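Just my_file03.txt here, compact mmCIF, C-alpha atoms and all ligand atoms:
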```txt
# COMPACT_ATOMS: atom_id res chain seq x y z
CA MET A 1 0.00 0.00 0.00
CA THR A 2 1.41 3.41 -0.96
CA GLN A 3 1.53 5.55 2.18
CA SER A 4 0.70 8.81 0.39
CA ARG A 5 -2.54 7.40 -1.10
CA LEU A 6 -4.09 5.42 1.74
CA PRO A 7 -7.78 5.03 0.90
CA GLY A 8 -10.98 5.29 2.97
CA LYS A 9 -10.85 3.59 6.35
CA PHE A 10 -7.12 2.87 5.86
CA SER A 11 -6.34 6.61 5.67
CA GLU A 12 -3.57 8.15 7.76
CA ILE A 13 -4.80 9.56 11.08
CA GLY A 14 -2.60 11.73 13.27
CA GLY A 15 0.56 10.55 11.51
CA MET A 16 -0.24 6.84 11.96
CA TYR A 17 -1.60 4.23 9.56
CA PRO A 18 -2.41 0.49 9.44
CA ALA A 19 1.03 -0.62 8.27
CA HIS A 20 1.07 -4.37 8.62
CA LEU A 21 -1.66 -7.04 8.69
CA LEU A 22 -1.26 -9.11 11.86
CA ILE A 23 -4.51 -11.11 12.19
CA SER A 24 -6.90 -12.00 9.37
CA GLN A 25 -10.70 -12.14 9.46
CA ASP A 26 -10.59 -15.95 9.29
CA GLU A 27 -8.30 -16.09 12.33
CA LEU A 28 -10.64 -13.73 14.21
CA THR A 29 -13.65 -15.90 13.37
CA ALA A 30 -11.86 -19.07 14.52
CA MET A 31 -10.76 -17.35 17.74
CA VAL A 32 -14.33 -16.23 18.58
CA GLN A 33 -15.77 -19.69 17.90
CA ARG A 34 -13.14 -21.36 20.12
CA LEU A 35 -13.80 -18.96 23.02
CA GLY A 36 -17.58 -19.27 22.65
CA LYS A 37 -17.36 -23.06 22.76
CA GLN A 38 -15.04 -23.02 25.77
CA ILE A 39 -17.31 -20.64 27.72
CA THR A 40 -20.39 -22.70 26.78
CA GLU A 41 -18.71 -25.83 28.17
CA ASP A 42 -17.31 -24.19 31.31
CA TYR A 43 -20.63 -22.62 32.36
CA CYS A 44 -22.85 -25.54 31.30
CA GLY A 45 -26.22 -25.37 33.15
CA LYS A 46 -25.68 -21.76 34.29
CA GLN A 47 -26.82 -18.33 33.18
CA ILE A 48 -24.09 -15.79 32.50
CA LEU A 49 -23.72 -12.02 32.27
CA LEU A 50 -21.25 -10.58 29.76
CA VAL A 51 -19.97 -7.13 30.69
CA SER A 52 -18.64 -5.47 27.55
CA ILE A 53 -16.01 -2.84 28.31
CA LEU A 54 -16.59 0.03 25.89
CA LYS A 55 -15.64 1.22 23.57
CA GLY A 56 -13.05 -1.21 22.26
CA SER A 57 -14.88 -4.48 22.94
CA PHE A 58 -18.15 -3.72 21.16
CA ILE A 59 -17.33 -5.69 18.01
CA PHE A 60 -15.70 -8.64 19.78
CA CYS A 61 -18.56 -8.87 22.30
CA SER A 62 -21.20 -8.79 19.58
CA ASP A 63 -19.48 -11.75 17.88
CA LEU A 64 -18.74 -13.60 21.12
CA VAL A 65 -22.31 -13.47 22.49
CA ARG A 66 -23.57 -15.18 19.32
CA ALA A 67 -20.96 -17.94 19.73
CA ILE A 68 -22.17 -18.78 23.27
CA ASP A 69 -24.95 -21.35 23.60
CA LEU A 70 -26.20 -20.43 27.10
CA PRO A 71 -28.84 -18.11 28.59
CA THR A 72 -26.79 -14.91 28.42
CA THR A 73 -27.37 -11.23 29.20
CA VAL A 74 -25.12 -8.37 28.12
CA GLU A 75 -24.41 -5.13 29.97
CA PHE A 76 -21.95 -2.32 29.30
CA MET A 77 -19.35 -0.31 31.16
CA ALA A 78 -17.10 2.36 29.70
CA CYS A 79 -13.53 2.99 30.78
CA SER A 80 -10.72 5.08 29.44
CA SER A 81 -7.02 5.34 30.16
CA TYR A 82 -5.36 5.92 26.78
CA GLY A 83 -6.89 9.32 25.87
CA GLY A 84 -6.55 8.51 22.16
CA GLY A 85 -2.78 7.86 22.10
CA THR A 86 -0.62 4.74 22.17
CA SER A 87 0.40 4.69 25.83
CA SER A 88 -1.63 4.28 29.01
CA SER A 89 -2.00 7.33 31.24
CA GLY A 90 -2.04 4.86 34.13
CA LYS A 91 -5.26 6.48 35.37
CA VAL A 92 -8.28 4.30 34.73
CA LYS A 93 -11.49 6.32 34.59
CA ILE A 94 -14.89 4.65 34.82
CA ILE A 95 -16.95 6.78 32.43
CA LYS A 96 -20.11 4.68 32.54
CA ASP A 97 -20.91 2.25 35.36
CA LEU A 98 -23.21 -0.78 35.16
CA ASP A 99 -26.96 -0.19 35.36
CA CYS A 100 -27.61 -3.56 37.01
CA ASP A 101 -26.81 -5.47 40.20
CA ILE A 102 -24.24 -8.26 39.69
CA LYS A 103 -24.64 -9.88 43.11
CA ASP A 104 -24.73 -13.70 42.80
CA LYS A 105 -24.32 -13.55 39.00
CA HIS A 106 -21.71 -15.33 36.89
CA VAL A 107 -19.95 -12.36 35.32
CA ILE A 108 -17.49 -12.39 32.43
CA LEU A 109 -15.72 -9.14 31.64
CA VAL A 110 -15.29 -8.90 27.88
CA GLU A 111 -12.33 -6.82 26.70
CA ASP A 112 -10.69 -6.20 23.37
CA ILE A 113 -7.15 -6.14 24.77
CA VAL A 114 -5.19 -6.56 27.98
CA ASP A 115 -1.98 -4.52 27.67
CA THR A 116 -0.54 -3.07 30.89
CA GLY A 117 -3.39 -4.80 32.75
CA LEU A 118 -4.25 -1.60 34.64
CA THR A 119 -7.80 -1.29 33.25
CA LEU A 120 -8.85 -4.85 34.04
CA SER A 121 -7.19 -5.01 37.44
CA LYS A 122 -9.01 -1.84 38.47
CA LEU A 123 -12.34 -3.17 37.13
CA LYS A 124 -11.86 -6.54 38.84
CA GLU A 125 -11.21 -4.77 42.12
CA VAL A 126 -14.31 -2.56 41.77
CA LEU A 127 -16.67 -5.34 40.63
CA SER A 128 -15.53 -8.02 43.07
CA LEU A 129 -16.73 -5.74 45.91
CA ARG A 130 -20.25 -6.23 44.51
CA HIS A 131 -20.17 -9.97 45.30
CA PRO A 132 -20.76 -11.70 41.97
CA ALA A 133 -21.03 -15.52 42.11
CA SER A 134 -17.94 -15.57 39.88
CA LEU A 135 -15.90 -13.00 37.96
CA LYS A 136 -13.70 -13.90 35.00
CA ILE A 137 -12.04 -12.10 32.12
CA CYS A 138 -12.35 -12.88 28.43
CA THR A 139 -10.09 -10.84 26.16
CA ALA A 140 -9.75 -11.03 22.40
CA PHE A 141 -6.08 -10.00 22.53
CA ASP A 142 -3.38 -10.24 25.17
CA LYS A 143 -0.08 -8.32 25.10
CA PRO A 144 1.72 -9.91 28.10
CA VAL A 145 5.05 -8.26 27.27
CA LYS A 146 3.61 -4.87 28.35
CA ARG A 147 2.09 -6.00 31.64
CA LYS A 148 2.60 -3.65 34.63
CA VAL A 149 0.46 -5.57 37.11
CA GLU A 150 -0.10 -9.28 37.72
CA LEU A 151 -3.19 -10.22 35.70
CA HIS A 152 -4.00 -13.51 34.00
CA PRO A 153 -7.23 -13.48 31.96
CA GLU A 154 -9.08 -16.82 32.09
CA TYR A 155 -10.01 -16.65 28.38
CA VAL A 156 -7.52 -15.30 25.84
CA GLY A 157 -8.18 -15.16 22.12
CA ILE A 158 -4.81 -14.37 20.55
CA GLU A 159 -1.53 -13.26 22.10
CA VAL A 160 -0.11 -10.23 20.28
CA PRO A 161 3.44 -8.84 20.07
CA ASP A 162 4.64 -5.47 21.35
CA GLU A 163 2.87 -3.43 18.67
CA PHE A 164 0.07 -0.89 18.93
CA ILE A 165 -2.73 -2.77 17.20
CA ILE A 166 -5.83 -1.38 15.49
CA GLY A 167 -8.98 -2.78 13.91
CA TYR A 168 -11.84 -5.04 15.04
CA GLY A 169 -12.90 -2.43 17.61
CA LEU A 170 -9.43 -1.25 18.62
CA ASP A 171 -8.65 2.37 17.87
CA TYR A 172 -6.00 4.98 17.40
CA GLN A 173 -7.46 8.42 18.21
CA ASN A 174 -10.91 6.77 18.05
CA TYR A 175 -10.43 5.77 14.37
CA TYR A 176 -9.77 2.40 12.73
CA ARG A 177 -12.30 0.50 14.89
CA ASN A 178 -14.07 -0.38 11.61
CA LEU A 179 -11.15 -2.29 10.08
CA SER A 180 -12.20 -5.93 9.74
CA GLU A 181 -8.73 -7.33 10.50
CA ILE A 182 -6.01 -6.48 13.03
CA TYR A 183 -3.12 -4.29 11.87
CA ALA A 184 0.01 -2.91 13.49
CA ALA A 185 -0.24 0.90 13.55
CA ARG A 186 3.01 2.61 12.59
CA PRO A 187 4.02 6.23 11.97
CA VAL A 188 3.93 7.41 8.37
CA GLU A 189 7.49 7.97 7.15
CA ASN A 190 8.17 11.32 5.51
O1 LIG A 201 -4.36 -3.12 29.83
P1 LIG A 201 -4.42 -1.64 29.62
O2 LIG A 201 -3.05 -1.05 29.37
O3 LIG A 201 -5.15 -0.91 30.69
O4 LIG A 201 -5.17 -1.39 28.23
C1 LIG A 201 -6.37 -1.99 27.88
C2 LIG A 201 -7.49 -0.99 27.74
O5 LIG A 201 -7.14 0.06 26.84
C3 LIG A 201 -8.13 0.20 25.85
O6 LIG A 201 -9.13 1.08 26.24
P2 LIG A 201 -9.06 2.67 26.05
O7 LIG A 201 -8.74 3.30 27.35
O8 LIG A 201 -8.16 3.00 24.89
O9 LIG A 201 -10.56 3.00 25.69
P3 LIG A 201 -11.46 2.50 24.46
O10 LIG A 201 -11.81 1.04 24.72
O11 LIG A 201 -12.64 3.38 24.51
O12 LIG A 201 -10.67 2.64 23.18
C4 LIG A 201 -8.71 -1.20 25.74
O13 LIG A 201 -10.00 -1.18 25.20
C5 LIG A 201 -8.69 -1.69 27.15
O14 LIG A 201 -9.86 -1.29 27.86
O1 LIG A 202 -2.45 -2.04 21.18
C1 LIG A 202 -3.48 -1.36 21.46
N1 LIG A 202 -4.30 -0.86 20.49
C2 LIG A 202 -5.41 -0.14 20.76
N2 LIG A 202 -5.80 0.15 22.00
C3 LIG A 202 -5.04 -0.31 23.01
N3 LIG A 202 -5.21 -0.16 24.33
C4 LIG A 202 -4.20 -0.80 24.92
N4 LIG A 202 -3.37 -1.35 24.02
C5 LIG A 202 -3.88 -1.06 22.78
```
Could you rewrite the structure in this file as structure tokens?
Amino acid sequence: MTQSRLPGKFSEIGGMYPAHLLISQDELTAMVQRLGKQITEDYCGKQILLVSILKGSFIFCSDLVRAIDLPTTVEFMACSSYGGGTSSSGKVKIIKDLDCDIKDKHVILVEDIVDTGLTLSKLKEVLSLRHPASLKICTAFDKPVKRKVELHPEYVGIEVPDEFIIGYGLDYQNYYRNLSEIYAARPVEN
């Protein structure tokens, strides 16, 4: 792809662009099906509540919920710590809290990516005080090389390298969420 003529949703934003395809649509589909099957088996006979962490997880969660064959409800929380850039501010803000009580419910937090781990460790801390029957994490992507806190998600789709990734819900400056595959974002060279 010629950097000076990046078209449509692949356009340069803020000096960055989707430089390198990392994960194809077929790999994403296979990953979602595998996680859905695993969750269906693990929670057999139970009802579950998926908590989608906005904004990044909206596409993954919409695929995942359809791959789960259990009585399932979906609720949303919104968090932010990246402020549009490529590094965590370290301050996790809850922008929108849950509208429902999670006491005695089997809760799965659905994330697009665990990077430093700061977002999910803060959310786990906050939600475990509300006494769910169980609380687990399902993330589409895991970047363990960047971890700043001890955090081991129970369900991991695909481990990713030390790259800032975009697509399939993941953004740079709120763009690129609508790419159907996962790309490494890199600066445009002058
Ligand atoms: O493990 P961490 O280093 O905390 O990073 C992971 C978090 O960062 C991203 O959210 P972001 O704050 O960019 O908000 P967004 O989902 O609205 O894009 C992502 O969706 C995770 O919630
Ligand atoms: O690699 C990433 N891409 C997009 N958003 C993110 N939030 C944490 N890590 C990432």
Per-residue nearest contacts of chain A to ligand LIG 202 (chain A) (6 Å; only C-alpha atoms and all ligand atoms) as JSON lines:
```
{"residue": "A:Asp115", "atom": "CA", "partner": "A:LIG202", "partner_atom": "N4", "distance": 5.0}
{"residue": "A:Phe164", "atom": "CA", "partner": "A:LIG202", "partner_atom": "O1", "distance": 3.6}
{"residue": "A:Ile165", "atom": "CA", "partner": "A:LIG202", "partner_atom": "O1", "distance": 4.1}
{"residue": "A:Ile166", "atom": "CA", "partner": "A:LIG202", "partner_atom": "N1", "distance": 5.3}
{"residue": "A:Leu170", "atom": "CA", "partner": "A:LIG202", "partner_atom": "C2", "distance": 4.7}
{"residue": "A:Asp171", "atom": "CA", "partner": "A:LIG202", "partner_atom": "C2", "distance": 5.0}
```
### Selected residue of minimal separation from A:Gln38 among A:Tyr155, A:Phe60, A:Tyr183, A:Tyr175, counting all atoms listed in the file
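Closest candidate: A:Tyr155.
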### Message
Quick one: residues within 8 Å of A:Glu159, all atoms listed in the file, excluding same-chain residues fewer than 5 positions away - as a VMD selection string?
### Response
chain A and resid 141 to 144
Take every atom of stretch 116-131 of chain A listed in the file, pad by 8 Å on each side, and give me the axis-aligned box centre and edge lengths in Å, one decimal, as AutoDock Vina command-line options.
```
--center_x -10.4 --center_y -5.6 --center_z 38.4 --size_x 35.7 --size_y 24.7 --size_z 31.0
```
### Query
ligand LIG 201 (chain A): which residues are within 9 Å, counting only C-alpha atoms and all ligand atoms, as JSON, numbers by chain?
{"A": [53, 54, 55, 56, 57, 58, 78, 79, 80, 81, 82, 83, 84, 85, 86, 87, 88, 89, 90, 91, 92, 93, 111, 112, 113, 114, 115, 116, 117, 118, 119, 120, 121, 122, 142, 143, 146, 147, 148, 169, 170, 171, 172, 173, 174, 177]}
### Query
Which of these, A:Val65, A:Cys100, A:Leu123, A:Ala19, has the shortest distance to A:Ile39 once you count only C-alpha atoms?
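Of all the options, A:Val65 lies closest to A:Ile39.
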#### Entry: Expected answer as a ChimeraX atom specification: all residues with atoms within 10 Å of (0.0, 11.5, 11.1), all atoms listed in the file
/A:11-17,186-190
### Message
Which residues are near A:Gly167? Cut-off 7 Å, all atoms listed in the file, ignore same chain within fewer than 5 positions. Put them as a list in words.
### Response
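Skipping anything fewer than 5 positions along the chain leaves Tyr176, Arg177, Asn178, Leu179, Ser180, Glu181, Ile182 and Tyr183 of chain A.
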### Task
Calculate how many Å separate atom CA of A:Val160 from atom CA of A:Lys136, rounding to one decimal.
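So the answer is 20.4 Å.
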